[in-house]
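One file, structure-v8.txt, is given below (compact mmCIF, C-alpha atoms).
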```txt
# COMPACT_ATOMS: atom_id res chain seq x y z
CA MET A 190 3.48 24.01 65.02
CA LYS A 191 6.15 25.66 62.95
CA LEU A 192 6.32 23.99 59.57
CA SER A 193 9.21 24.22 57.09
CA PHE A 194 8.86 22.50 53.75
CA PHE A 195 9.23 23.16 50.03
CA VAL A 196 6.53 23.98 47.53
CA ASN A 197 7.48 23.99 43.87
CA ASP A 198 11.15 24.17 44.87
CA ARG A 199 10.66 27.24 47.07
CA PRO A 200 11.17 27.02 50.85
CA VAL A 201 8.00 27.77 52.81
CA GLU A 202 7.64 28.47 56.52
CA LEU A 203 4.25 28.49 58.18
CA GLU A 204 2.75 28.51 61.63
CA THR A 205 -0.13 26.02 61.54
CA GLU A 206 -2.01 23.28 63.36
CA PRO A 207 -0.49 19.78 63.00
CA ASP A 208 -3.81 18.36 61.78
CA ARG A 209 -4.28 20.98 59.04
CA ARG A 210 -4.51 19.34 55.61
CA LEU A 211 -1.95 19.99 52.90
CA LEU A 212 -4.92 20.75 50.65
CA ASP A 213 -5.96 23.67 52.87
CA LEU A 214 -2.41 24.93 53.35
CA LEU A 215 -1.91 25.07 49.59
CA ARG A 216 -5.25 26.66 48.73
CA GLU A 217 -5.76 28.98 51.70
CA GLU A 218 -2.27 29.89 52.92
CA LEU A 219 -0.31 29.76 49.68
CA ASN A 220 -3.07 30.66 47.22
CA LEU A 221 -2.27 27.68 45.01
CA THR A 222 -5.80 26.87 43.93
CA GLY A 223 -4.88 24.47 41.14
CA VAL A 224 -5.25 21.65 43.66
CA LYS A 225 -8.94 20.72 43.92
CA GLU A 226 -11.01 19.14 46.67
CA GLY A 227 -13.29 16.48 45.24
CA CYS A 228 -14.34 13.87 47.75
CA GLY A 229 -12.04 14.86 50.62
CA GLU A 230 -11.43 11.21 51.51
CA GLY A 231 -8.86 9.86 49.11
CA GLU A 232 -11.20 8.30 46.57
CA CYS A 233 -11.28 10.70 43.62
CA GLY A 234 -7.69 11.91 43.19
CA ALA A 235 -8.66 15.52 42.33
CA CYS A 236 -6.32 16.78 45.08
CA THR A 237 -3.30 14.79 43.85
CA VAL A 238 0.05 16.57 44.27
CA LEU A 239 3.58 15.18 44.29
CA MET A 240 5.40 14.67 47.57
CA ASP A 241 9.10 13.94 47.00
CA GLY A 242 8.11 12.89 43.48
CA GLU A 243 5.35 10.45 44.51
CA PRO A 244 1.66 11.15 43.95
CA VAL A 245 -0.26 11.71 47.20
CA HIS A 246 -3.69 13.00 48.22
CA ALA A 247 -3.37 16.54 49.56
CA CYS A 248 -6.64 15.86 51.44
CA LEU A 249 -5.07 12.95 53.36
CA THR A 250 -1.74 14.60 54.11
CA LEU A 251 -1.46 16.52 57.37
CA ALA A 252 0.89 19.36 58.27
CA ILE A 253 2.65 17.15 60.81
CA GLN A 254 3.79 14.89 57.95
CA LEU A 255 5.25 17.68 55.83
CA GLY A 256 8.46 18.82 57.50
CA GLY A 257 11.31 18.92 54.98
CA ARG A 258 9.19 17.46 52.17
CA HIS A 259 9.15 18.70 48.59
CA ILE A 260 5.64 19.30 47.24
CA THR A 261 4.93 19.87 43.56
CA THR A 262 1.59 21.34 42.50
CA ILE A 263 0.24 21.99 39.01
CA GLU A 264 1.55 25.57 39.29
CA GLY A 265 5.05 24.10 39.65
CA LEU A 266 4.87 22.54 36.19
CA SER A 267 4.63 25.89 34.46
CA ALA A 268 6.85 27.92 36.79
CA SER A 269 8.69 29.40 33.80
CA GLY A 270 5.41 30.74 32.44
CA GLU A 271 5.23 28.11 29.71
CA LEU A 272 3.03 25.06 29.90
CA ASP A 273 4.69 21.72 30.63
CA ILE A 274 4.65 19.15 27.80
CA LEU A 275 2.02 17.18 29.73
CA GLN A 276 -0.23 20.21 30.13
CA ARG A 277 0.09 20.99 26.43
CA ALA A 278 -0.67 17.39 25.49
CA PHE A 279 -3.87 17.50 27.58
CA VAL A 280 -4.94 20.64 25.70
CA GLU A 281 -4.03 19.27 22.28
CA GLU A 282 -5.71 15.90 22.80
CA LEU A 283 -8.88 17.58 24.16
CA ALA A 284 -8.37 15.63 27.38
CA ILE A 285 -10.14 18.30 29.44
CA GLN A 286 -13.86 18.83 29.75
CA CYS A 287 -14.92 20.39 33.04
CA GLY A 288 -11.29 20.45 34.19
CA PHE A 289 -11.86 19.55 37.82
CA CYS A 290 -9.92 16.27 37.65
CA THR A 291 -7.29 17.60 35.27
CA THR A 292 -4.62 18.89 37.64
CA GLY A 293 -4.66 15.65 39.59
CA MET A 294 -4.58 13.61 36.38
CA ILE A 295 -1.58 15.56 35.10
CA LEU A 296 0.35 15.17 38.35
CA SER A 297 -0.33 11.40 38.49
CA ALA A 298 0.88 11.21 34.89
CA LYS A 299 3.92 13.33 35.76
CA ALA A 300 4.88 10.91 38.55
CA LEU A 301 4.61 8.04 36.06
CA LEU A 302 6.67 9.68 33.32
CA MET A 303 9.42 10.71 35.72
CA LYS A 304 9.96 7.03 36.53
CA HIS A 305 8.92 5.40 33.26
CA PRO A 306 9.50 7.57 30.18
CA ASP A 307 8.09 4.89 27.87
CA PRO A 308 4.97 3.47 29.55
CA ASP A 309 2.55 1.11 27.82
CA GLU A 310 -1.19 1.71 28.03
CA ALA A 311 -1.63 -0.67 30.99
CA MET A 312 0.95 1.29 32.97
CA ILE A 313 -0.75 4.57 32.11
CA ARG A 314 -4.14 3.25 33.19
CA GLU A 315 -2.65 1.86 36.41
CA ALA A 316 -0.98 5.21 37.16
CA LEU A 317 -4.30 7.02 36.62
CA SER A 318 -6.41 4.41 38.46
CA GLY A 319 -6.70 6.68 41.50
CA ASN A 320 -7.99 9.64 39.47
CA ILE A 321 -11.66 9.72 38.61
CA CYS A 322 -13.00 11.71 35.64
CA ARG A 323 -16.77 11.94 35.44
CA CYS A 324 -16.91 13.76 32.09
CA SER A 325 -14.86 11.55 29.81
CA GLY A 326 -14.29 7.90 29.13
CA TYR A 327 -10.57 8.40 29.82
CA VAL A 328 -9.66 7.79 26.15
CA GLN A 329 -8.41 11.32 25.46
CA ILE A 330 -6.66 11.41 28.82
CA VAL A 331 -4.72 8.23 28.08
CA ASN A 332 -3.94 9.56 24.60
CA ALA A 333 -2.60 12.78 26.12
CA VAL A 334 -0.24 10.90 28.40
CA LYS A 335 0.97 8.78 25.46
CA ARG A 336 1.56 11.93 23.43
CA ALA A 337 3.43 13.64 26.25
CA ALA A 338 5.61 10.55 26.74
CA ARG A 339 6.42 10.50 23.03
CA GLU A 340 7.24 14.21 22.97
CA LEU A 341 9.34 14.00 26.13
CA ARG A 342 11.39 11.19 24.62
CA GLU A 343 11.93 13.25 21.47
CA VAL A 344 13.07 16.23 23.53
CA GLY A 345 15.40 13.91 25.45
CA ARG A 346 17.11 12.76 22.26
CA MET B 154 -3.09 20.41 69.59
CA ASN B 155 0.41 19.33 70.59
CA CYS B 156 2.57 17.60 68.08
CA TYR B 157 5.75 15.59 68.20
CA VAL B 158 8.01 14.79 65.24
CA PRO B 159 10.78 12.66 66.75
CA GLU B 160 13.93 11.93 64.76
CA THR B 161 15.33 9.05 66.82
CA MET B 162 13.88 6.07 68.70
CA GLU B 163 14.84 7.73 71.99
CA GLN B 164 12.92 10.85 71.01
CA LEU B 165 9.95 8.68 70.02
CA ALA B 166 9.88 7.04 73.45
CA ASP B 167 10.15 10.49 74.99
CA ALA B 168 7.28 11.79 72.83
CA LEU B 169 5.10 8.82 73.87
CA LEU B 170 5.86 9.66 77.51
CA GLN B 171 5.25 13.40 77.24
CA ALA B 172 2.21 13.25 74.99
CA GLY B 173 0.21 11.12 77.41
CA ASP B 174 -2.64 8.65 76.93
CA GLY B 175 -4.72 10.88 74.66
CA ALA B 176 -2.10 11.03 71.91
CA ARG B 177 -2.27 9.25 68.57
CA VAL B 178 0.61 8.00 66.48
CA ILE B 179 0.12 8.65 62.78
CA ALA B 180 2.01 6.86 59.98
CA GLY B 181 0.77 7.33 56.38
CA GLY B 182 -2.45 8.85 57.66
CA THR B 183 -4.53 7.59 54.74
CA ASP B 184 -7.14 6.04 57.04
CA TYR B 185 -6.60 8.10 60.14
CA THR B 186 -7.05 11.50 58.48
CA ILE B 187 -10.56 10.49 57.45
CA ARG B 188 -11.45 9.38 61.00
CA LEU B 189 -10.01 12.61 62.36
CA ARG B 190 -12.03 14.71 59.90
CA GLN B 191 -15.22 12.82 60.70
CA GLY B 192 -14.70 13.55 64.39
CA ARG B 193 -14.39 9.84 65.18
CA SER B 194 -11.03 10.51 66.79
CA ALA B 195 -10.12 13.56 68.86
CA PRO B 196 -6.54 13.19 70.09
CA ASP B 197 -4.84 15.62 72.48
CA ALA B 198 -1.64 15.28 70.51
CA LEU B 199 -0.27 13.76 67.32
CA ILE B 200 3.03 11.91 67.05
CA TYR B 201 4.55 11.43 63.59
CA PRO B 202 7.56 9.06 63.55
CA GLY B 203 8.19 9.49 59.81
CA ARG B 204 11.48 11.33 60.31
CA ILE B 205 13.18 8.39 62.03
CA PRO B 206 15.27 6.88 59.20
CA ALA B 207 15.35 3.35 60.68
CA LEU B 208 11.57 3.10 60.54
CA HIS B 209 11.61 3.34 56.73
CA GLU B 210 13.89 0.33 56.26
CA ILE B 211 12.86 -2.99 54.78
CA ALA B 212 15.67 -5.34 55.80
CA LEU B 213 15.90 -8.82 54.31
CA THR B 214 18.59 -11.09 55.78
CA GLU B 215 19.16 -14.84 55.67
CA ASP B 216 17.22 -15.23 58.88
CA GLY B 217 14.32 -12.91 58.47
CA LEU B 218 12.45 -9.92 57.20
CA ARG B 219 12.05 -6.70 59.11
CA ILE B 220 9.59 -4.12 57.80
CA GLY B 221 9.96 -0.69 59.37
CA ALA B 222 6.71 0.84 60.57
CA MET B 223 7.00 3.72 58.10
CA ALA B 224 7.82 1.62 55.00
CA THR B 225 5.16 2.39 52.40
CA MET B 226 3.13 -0.02 50.29
CA ASN B 227 5.08 1.10 47.20
CA GLU B 228 8.36 0.37 48.95
CA LEU B 229 7.08 -3.11 49.89
CA VAL B 230 6.12 -3.79 46.27
CA ARG B 231 9.58 -2.84 45.03
CA ALA B 232 11.52 -4.62 47.78
CA LEU B 233 9.57 -7.88 48.03
CA GLY B 234 8.07 -8.45 44.56
CA PRO B 235 11.28 -10.22 43.45
CA VAL B 236 11.54 -12.39 46.62
CA PRO B 237 9.47 -15.56 46.01
CA GLU B 238 8.75 -16.43 49.65
CA PHE B 239 7.58 -12.88 50.43
CA ALA B 240 6.00 -11.94 47.09
CA ALA B 241 2.54 -12.30 48.67
CA ILE B 242 3.33 -9.18 50.70
CA ALA B 243 4.10 -7.30 47.48
CA ASP B 244 0.90 -8.63 45.85
CA ALA B 245 -1.20 -7.37 48.74
CA ALA B 246 0.64 -4.05 49.13
CA GLY B 247 0.34 -3.43 45.36
CA GLY B 248 -3.43 -3.84 45.54
CA VAL B 249 -4.08 -1.45 48.43
CA GLY B 250 -6.05 1.59 47.31
CA SER B 251 -4.62 3.74 44.53
CA PRO B 252 -1.08 4.84 43.63
CA GLN B 253 -1.68 7.91 45.81
CA ILE B 254 -2.58 5.73 48.81
CA ARG B 255 0.36 3.39 48.22
CA SER B 256 2.81 6.33 48.27
CA LYS B 257 2.04 6.87 51.95
CA ALA B 258 0.12 3.97 53.48
CA THR B 259 2.08 1.47 55.58
CA MET B 260 1.62 -2.17 56.55
CA ALA B 261 2.04 -1.28 60.23
CA GLY B 262 -0.70 1.34 59.87
CA ASN B 263 -2.99 -1.17 58.16
CA LEU B 264 -2.56 -3.57 61.10
CA CYS B 265 -3.07 -0.81 63.70
CA ASN B 266 -6.21 0.34 61.89
CA ALA B 267 -7.36 -3.30 62.13
CA SER B 268 -10.18 -3.12 59.61
CA PRO B 269 -11.34 -6.71 58.95
CA ALA B 270 -11.11 -5.85 55.22
CA GLY B 271 -7.50 -4.66 55.52
CA ASP B 272 -5.38 -6.50 52.94
CA MET B 273 -2.32 -6.72 55.16
CA LEU B 274 -4.14 -8.61 57.94
CA PRO B 275 -4.29 -12.02 56.20
CA ILE B 276 -0.71 -11.34 55.07
CA ALA B 277 0.42 -10.76 58.65
CA LYS B 278 -1.22 -14.04 59.64
CA LEU B 279 0.27 -15.86 56.64
CA TYR B 280 3.78 -15.05 57.85
CA ASP B 281 3.14 -15.24 61.61
CA ILE B 282 4.30 -11.66 61.83
CA ARG B 283 5.59 -10.43 65.17
CA VAL B 284 4.76 -6.81 65.89
CA LYS B 285 7.63 -4.93 67.47
CA VAL B 286 6.41 -2.29 69.87
CA LEU B 287 8.21 0.58 71.60
CA ASP B 288 6.92 1.60 75.00
CA ARG B 289 7.19 5.08 76.51
CA ASP B 290 9.62 3.71 79.09
CA GLY B 291 11.98 3.01 76.18
CA SER B 292 11.59 -0.77 76.29
CA LEU B 293 10.86 -2.89 73.23
CA HIS B 294 8.78 -6.03 73.07
CA THR B 295 7.15 -8.15 70.36
CA ILE B 296 3.54 -9.27 70.10
CA PRO B 297 2.52 -12.23 67.88
CA VAL B 298 -0.02 -11.16 65.27
CA ASP B 299 -2.73 -13.40 66.74
CA GLU B 300 -2.44 -11.53 70.03
CA PHE B 301 -2.10 -8.14 68.32
CA LEU B 302 -5.27 -8.21 66.21
CA LEU B 303 -8.25 -8.34 68.54
CA GLY B 304 -11.19 -7.40 66.28
CA PRO B 305 -12.53 -4.56 64.14
CA GLY B 306 -10.47 -1.47 65.05
CA LYS B 307 -9.04 -3.24 68.11
CA THR B 308 -5.41 -4.13 68.73
CA ALA B 309 -3.24 -4.99 71.70
CA LEU B 310 -1.43 -1.66 71.33
CA ALA B 311 -1.77 0.28 74.59
CA PRO B 312 -1.63 4.04 75.09
CA GLY B 313 1.99 5.15 75.24
CA GLN B 314 3.08 2.53 72.72
CA ALA B 315 4.01 2.69 69.04
CA VAL B 316 4.66 -0.04 66.48
CA VAL B 317 8.21 0.31 65.17
CA ALA B 318 8.61 -2.78 62.97
CA LEU B 319 7.04 -6.00 61.72
CA LEU B 320 9.15 -9.15 61.83
CA ALA B 321 8.90 -12.41 59.88
CA ASP B 322 11.11 -15.50 59.86
CA ARG B 323 12.86 -16.52 56.69
CA LYS B 324 14.14 -19.80 58.13
CA GLY B 325 11.70 -22.57 57.22
CA ARG B 326 10.50 -20.67 54.15
CA GLU B 327 13.46 -21.49 51.88
CA GLY B 328 12.23 -22.49 48.45
CA CYS B 329 8.66 -21.35 49.07
CA VAL B 330 6.60 -19.41 46.59
CA SER B 331 3.80 -17.14 47.77
CA ALA B 332 0.88 -15.13 46.45
CA PHE B 333 -2.07 -13.03 47.55
CA HIS B 334 -5.26 -12.34 45.66
CA LYS B 335 -8.42 -10.46 46.51
CA ILE B 336 -11.83 -10.01 45.01
CA GLY B 337 -13.23 -6.50 45.20
CA PHE B 338 -15.94 -4.49 43.50
CA ARG B 339 -13.62 -3.46 40.65
CA SER B 340 -10.12 -4.20 39.43
CA HIS B 341 -8.36 -1.12 40.84
CA VAL B 342 -8.80 1.03 43.95
CA SER B 343 -10.87 -1.63 45.57
CA ILE B 344 -11.63 -2.69 49.12
CA ALA B 345 -11.44 -6.47 49.50
CA ARG B 346 -14.69 -8.36 49.77
CA ILE B 347 -12.57 -11.44 50.34
CA GLY B 348 -8.83 -12.06 50.09
CA MET B 349 -6.51 -15.05 50.40
CA GLY B 350 -2.78 -15.50 50.83
CA ALA B 351 -0.69 -18.63 50.43
CA THR B 352 2.86 -19.85 50.78
CA LEU B 353 3.77 -23.18 49.22
CA ARG B 354 6.81 -25.38 48.77
CA LEU B 355 7.15 -28.45 46.56
CA ASP B 356 9.61 -31.28 47.21
CA GLU B 357 11.84 -32.83 44.54
CA ALA B 358 9.02 -35.10 43.38
CA ARG B 359 6.85 -31.96 42.86
CA ARG B 360 4.63 -32.86 45.79
CA ILE B 361 3.53 -30.23 48.29
CA GLU B 362 5.87 -30.24 51.25
CA THR B 363 4.39 -27.34 53.21
CA ALA B 364 1.48 -25.00 52.60
CA VAL B 365 -0.02 -22.11 54.55
CA LEU B 366 -3.35 -20.54 53.57
CA THR B 367 -5.00 -17.51 55.18
CA LEU B 368 -8.25 -15.68 54.48
CA GLY B 369 -9.06 -12.03 55.01
CA ALA B 370 -12.30 -10.02 55.02
CA VAL B 371 -14.29 -13.09 56.10
CA ALA B 372 -14.38 -12.86 59.90
CA ASN B 373 -13.34 -10.08 62.33
CA VAL B 374 -9.75 -11.31 62.28
CA PRO B 375 -7.91 -13.22 59.55
CA ILE B 376 -8.37 -17.00 59.42
CA ARG B 377 -5.83 -19.72 58.80
CA VAL B 378 -7.28 -22.60 56.76
CA SER B 379 -5.45 -25.42 58.54
CA ASP B 380 -7.76 -28.15 57.22
CA ALA B 381 -6.83 -27.27 53.65
CA GLU B 382 -3.12 -27.10 54.52
CA LYS B 383 -3.24 -30.62 56.00
CA LEU B 384 -4.94 -32.19 53.02
CA MET B 385 -2.43 -30.58 50.63
CA THR B 386 0.68 -32.03 52.25
CA GLY B 387 2.33 -34.81 50.24
CA ARG B 388 0.08 -34.41 47.19
CA PRO B 389 0.85 -33.11 43.71
CA LEU B 390 -0.65 -29.78 42.69
CA ASP B 391 -3.28 -31.20 40.32
CA GLU B 392 -6.98 -30.80 39.58
CA ALA B 393 -8.04 -33.25 42.29
CA LEU B 394 -6.07 -31.32 44.89
CA PHE B 395 -7.43 -28.02 43.65
CA ALA B 396 -11.02 -29.33 43.92
CA ASP B 397 -10.42 -30.56 47.48
CA VAL B 398 -8.78 -27.31 48.61
CA THR B 399 -11.54 -25.23 47.04
CA ALA B 400 -14.21 -27.22 48.86
CA VAL B 401 -12.48 -26.75 52.23
CA VAL B 402 -11.81 -23.03 51.69
CA SER B 403 -15.39 -22.45 50.62
CA LYS B 404 -16.73 -24.29 53.67
CA THR B 405 -14.38 -22.33 55.95
CA VAL B 406 -15.72 -19.09 54.51
CA HIS B 407 -19.30 -20.33 54.91
CA ASP B 408 -18.76 -21.27 58.55
CA ASN B 409 -16.98 -18.03 59.54
CA CYS B 410 -18.82 -15.39 57.54
CA ARG B 411 -21.61 -13.09 58.70
CA PRO B 412 -24.99 -14.41 57.46
CA ALA B 413 -25.57 -11.29 55.35
CA ASN B 414 -22.51 -12.04 53.20
CA ARG B 415 -22.45 -15.81 53.47
CA ARG B 416 -23.97 -16.80 50.17
CA TYR B 417 -21.86 -14.39 48.12
CA LYS B 418 -18.55 -15.02 49.87
CA THR B 419 -18.95 -18.82 49.94
CA GLU B 420 -19.33 -18.77 46.17
CA ALA B 421 -16.69 -16.07 45.63
CA ALA B 422 -14.20 -18.21 47.57
CA ARG B 423 -14.23 -20.68 44.67
CA GLY B 424 -13.18 -18.08 42.14
CA LEU B 425 -10.65 -16.70 44.60
CA CYS B 426 -9.02 -20.14 44.91
CA ALA B 427 -8.81 -20.41 41.12
CA ASP B 428 -7.14 -16.99 40.82
CA LEU B 429 -4.74 -17.60 43.70
CA PHE B 430 -3.66 -21.04 42.47
CA ALA B 431 -3.12 -19.66 38.97
CA LYS B 432 -0.73 -17.08 40.47
CA LEU B 433 1.05 -19.72 42.56
CA GLU B 434 1.47 -22.09 39.60
CA GLN B 435 3.03 -19.31 37.54
CA ARG B 436 5.60 -18.80 40.26
CA LEU B 437 6.54 -22.46 40.86
```

Using structure tokens, write down the structure that the file contains.
Amino acid sequence: MKLSFFVNDRPVELETEPDRRLLDLLREELNLTGVKEGCGEGECGACTVLMDGEPVHACLTLAIQLGGRHITTIEGLSASGELDILQRAFVEELAIQCGFCTTGMILSAKALLMKHPDPDEAMIREALSGNICRCSGYVQIVNAVKRAARELREVGR
Amino acid sequence: MNCYVPETMEQLADALLQAGDGARVIAGGTDYTIRLRQGRSAPDALIYPGRIPALHEIALTEDGLRIGAMATMNELVRALGPVPEFAAIADAAGGVGSPQIRSKATMAGNLCNASPAGDMLPIAKLYDIRVKVLDRDGSLHTIPVDEFLLGPGKTALAPGQAVVALLADRKGREGCVSAFHKIGFRSHVSIARIGMGATLRLDEARRIETAVLTLGAVANVPIRVSDAEKLMTGRPLDEALFADVTAVVSKTVHDNCRPANRRYKTEAARGLCADLFAKLEQRL
């Protein structure tokens, strides 16, 4: 099938099979390797990207579902060459250990902060409930999201 | 593999006709992609109706509720959470999988997948949902949920057909509150080990006028607990009533459950009743 969609605000056209996963299109066709394959069945959240602003599993999204959609990957957050506030907050709060879950975590957090700029801890934990980190106890990760929310609100003022 | 991405209902009927019996219709794809990858499904063609705007609508009128086949769990949470008589749908949709799953997964897909543990199955039974189906000849017909759900992975949907909407009556549910609760292995991202939905209406004297109770993840298809509904009618929502309902629900689970799970689920049903009634009481 001929597929036209948007990745990080750029139009993309590809010839692909309808049952090809978004995960493979991003990594193999577009060389966007920030998206990771963890479990490959929608349990771990490592492959989380945004589709029209909502977090989705790139491993459970097929090419046939993508026409006209806007996909945001971790690379899209630092398109200007500077890290996004969320990325910086993860670095500053030491919310990264092995890093494999990090891009998915940041994109789930991004989806939350776009809708709710002032989330409480319960909302943060709910938003990250589909992202598994096997290094940490999630404390630094939650702190990073709180910090980013605070900084984003300050920038907004 | 052939693929069809129709943009109107007419094009969908046409796609069902052209694609033939070996085609599969995919909605959110959160279950189906896994089956496809595991080689448990090998379709000749895929049909994705997600670009038909009408299929995304959740329409609530005085008479009824119409849930488009492509409406996501997140959209159900937002649309129906504030509507007391349909809040059970939002409860169940909000507990399906993770935020990532709820961005794409649909109630229609959950029913078509027909896993006995699917959270939307007891919900469909709770509201006597009618499944609206489009046939490849362009005709539409509705199937009552009891005739649609036939067992694990089995539905009445024939090749060349696609679910386009789910319908529920609003008449007769005026003044009802509703809730759904499930018990899983953990608080989030959990598959139900047992789930229960209820709608309830009190009269002016605060006695139960009507009640409907359904159980999921107990038998192959969801169960309506009619014995409990009967004993509730005309009584106040007090401790004695709660004890009686709990006993009946627990016995219903015991009698319908596979032996391997019977002891656990019979006991879990008691806690489930407590949680569900706490939710209902908050909403009355």

Exercise. Which is closest to Val334 of chain A among A:Asp213, A:Asp208, A:Glu202, A:Asp307, if we use all atoms listed in the file?
Worked result: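 Among the listed residues, A:Asp307 lies closest to Val334 of chain A.
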
Problem set entry | Atomic separation - atom CA of Pro308 of chain A relative to atom CA of Lys335 of chain A, Å |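 The value is 7.8 Å.
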
Counting only C-alpha atoms, chain B residues within 6 Å of chain A, as a short mmCIF file (atom, residue, chain, number, x, y, z; two decimals) with C-alpha atoms, in the frame of the given file:
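After the write, result12.cif holds the following:
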```cif
data_model
loop_
_atom_site.label_atom_id
_atom_site.label_comp_id
_atom_site.auth_asym_id
_atom_site.auth_seq_id
_atom_site.Cartn_x
_atom_site.Cartn_y
_atom_site.Cartn_z
CA THR B 183 -4.53 7.59 54.74
CA THR B 186 -7.05 11.50 58.48
CA SER B 251 -4.62 3.74 44.53
CA GLN B 253 -1.68 7.91 45.81
#
```

Exercise. What would the list of residues within 7 Å of (-5.8, -24.1, 43.0) (file frame) look like as a ChimeraX atom specification, if only C-alpha atoms are what count?
Worked result: /B:395,426-427,429-431

Exercise. Separation of atom CA of Ser343 of chain B and atom CA of Gly306 of chain B, in Å?
Worked result: 19.5 Å

Exercise. Near Lys324 of chain B, counting all atoms listed in the file, which residues have an atom at most 12 Å away, once you skip same-chain residues fewer than 4 positions from it, shown as a PyMOL selection string?
Worked result: chain B and resi 213-218+238+280+328-329

For this session: Could you pull out every residue with an atom within 9 Å of (-3.8, 10.7, 74.7), file coordinates, counting only C-alpha atoms, and send them as a list in words?
Result: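 The answer, in the requested form, is Ala172, Gly173, Asp174, Gly175, Ala176, Arg177, Pro196, Asp197, Ala198, Leu199, Pro312 and Gly313 of chain B.
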
For this session: Please indicate the distance in Å from atom CA of Tyr201 of chain B to atom CA of Glu163 of chain B, rounded to one decimal place.
Result: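 Separating atom CA of Tyr201 of chain B from atom CA of Glu163 of chain B is a distance of 13.8 Å.
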
For this session: Name the closest residue to Thr222 of chain A among the candidates A:Glu282, A:Glu204, A:Glu264, A:Asp198; distances are taken between atoms, counting all atoms listed in the file.
Result: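 For Thr222 of chain A, the nearest of the given residues is A:Glu264.
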
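Checking B:Glu160, B:Asp322, B:Asp290, B:Glu228 one by one against Pro202 of chain B, counting all atoms listed in the file, you find the shortest gap at B:Glu160.
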
For this session: Name the residues in contact with segment 352-359 of chain B at a cut-off of 7 Å, using all atoms listed in the file, excluding same-chain residues fewer than 4 positions from it; report them as a PyMOL selection string.
Result: chain B and resi 238+328-332+363-366+389

Exercise. Taking into account all atoms listed in the file, which residue in the set B:Arg377, B:Lys307, B:Arg289, B:Arg231 is nearest to Asn409 of chain B?
Worked result: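 Of the candidates, the smallest distance to Asn409 of chain B is held by B:Arg377.
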
For this session: Might you pull out every residue within 6 Å of Phe333 of chain B, with only C-alpha atoms counted and same-chain residues fewer than 2 positions away left off, and present them as a PyMOL selection string?
Result: chain B and resi 241+244-245+349-350

Problem set entry | For Arg336 of chain A: contacts at 10 Å, all atoms listed in the file, fewer than 5 positions along chain excluded, given as a list in words |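 In the requested form, the answer reads Ile274, Leu275, Arg277, Ala278, Phe279, Glu281, Glu282, Ile330, Val331, Leu341 and Arg342 of chain A.
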
Can you spit out the residues from that selection as a compact mmCIF listing (two decimals), keeping the file's coordinate frame, using C-alpha atoms?
```
# COMPACT_ATOMS: atom_id res chain seq x y z
CA ILE A 274 4.65 19.15 27.80
CA LEU A 275 2.02 17.18 29.73
CA ARG A 277 0.09 20.99 26.43
CA ALA A 278 -0.67 17.39 25.49
CA PHE A 279 -3.87 17.50 27.58
CA GLU A 281 -4.03 19.27 22.28
CA GLU A 282 -5.71 15.90 22.80
CA ILE A 330 -6.66 11.41 28.82
CA VAL A 331 -4.72 8.23 28.08
CA LEU A 341 9.34 14.00 26.13
CA ARG A 342 11.39 11.19 24.62
```
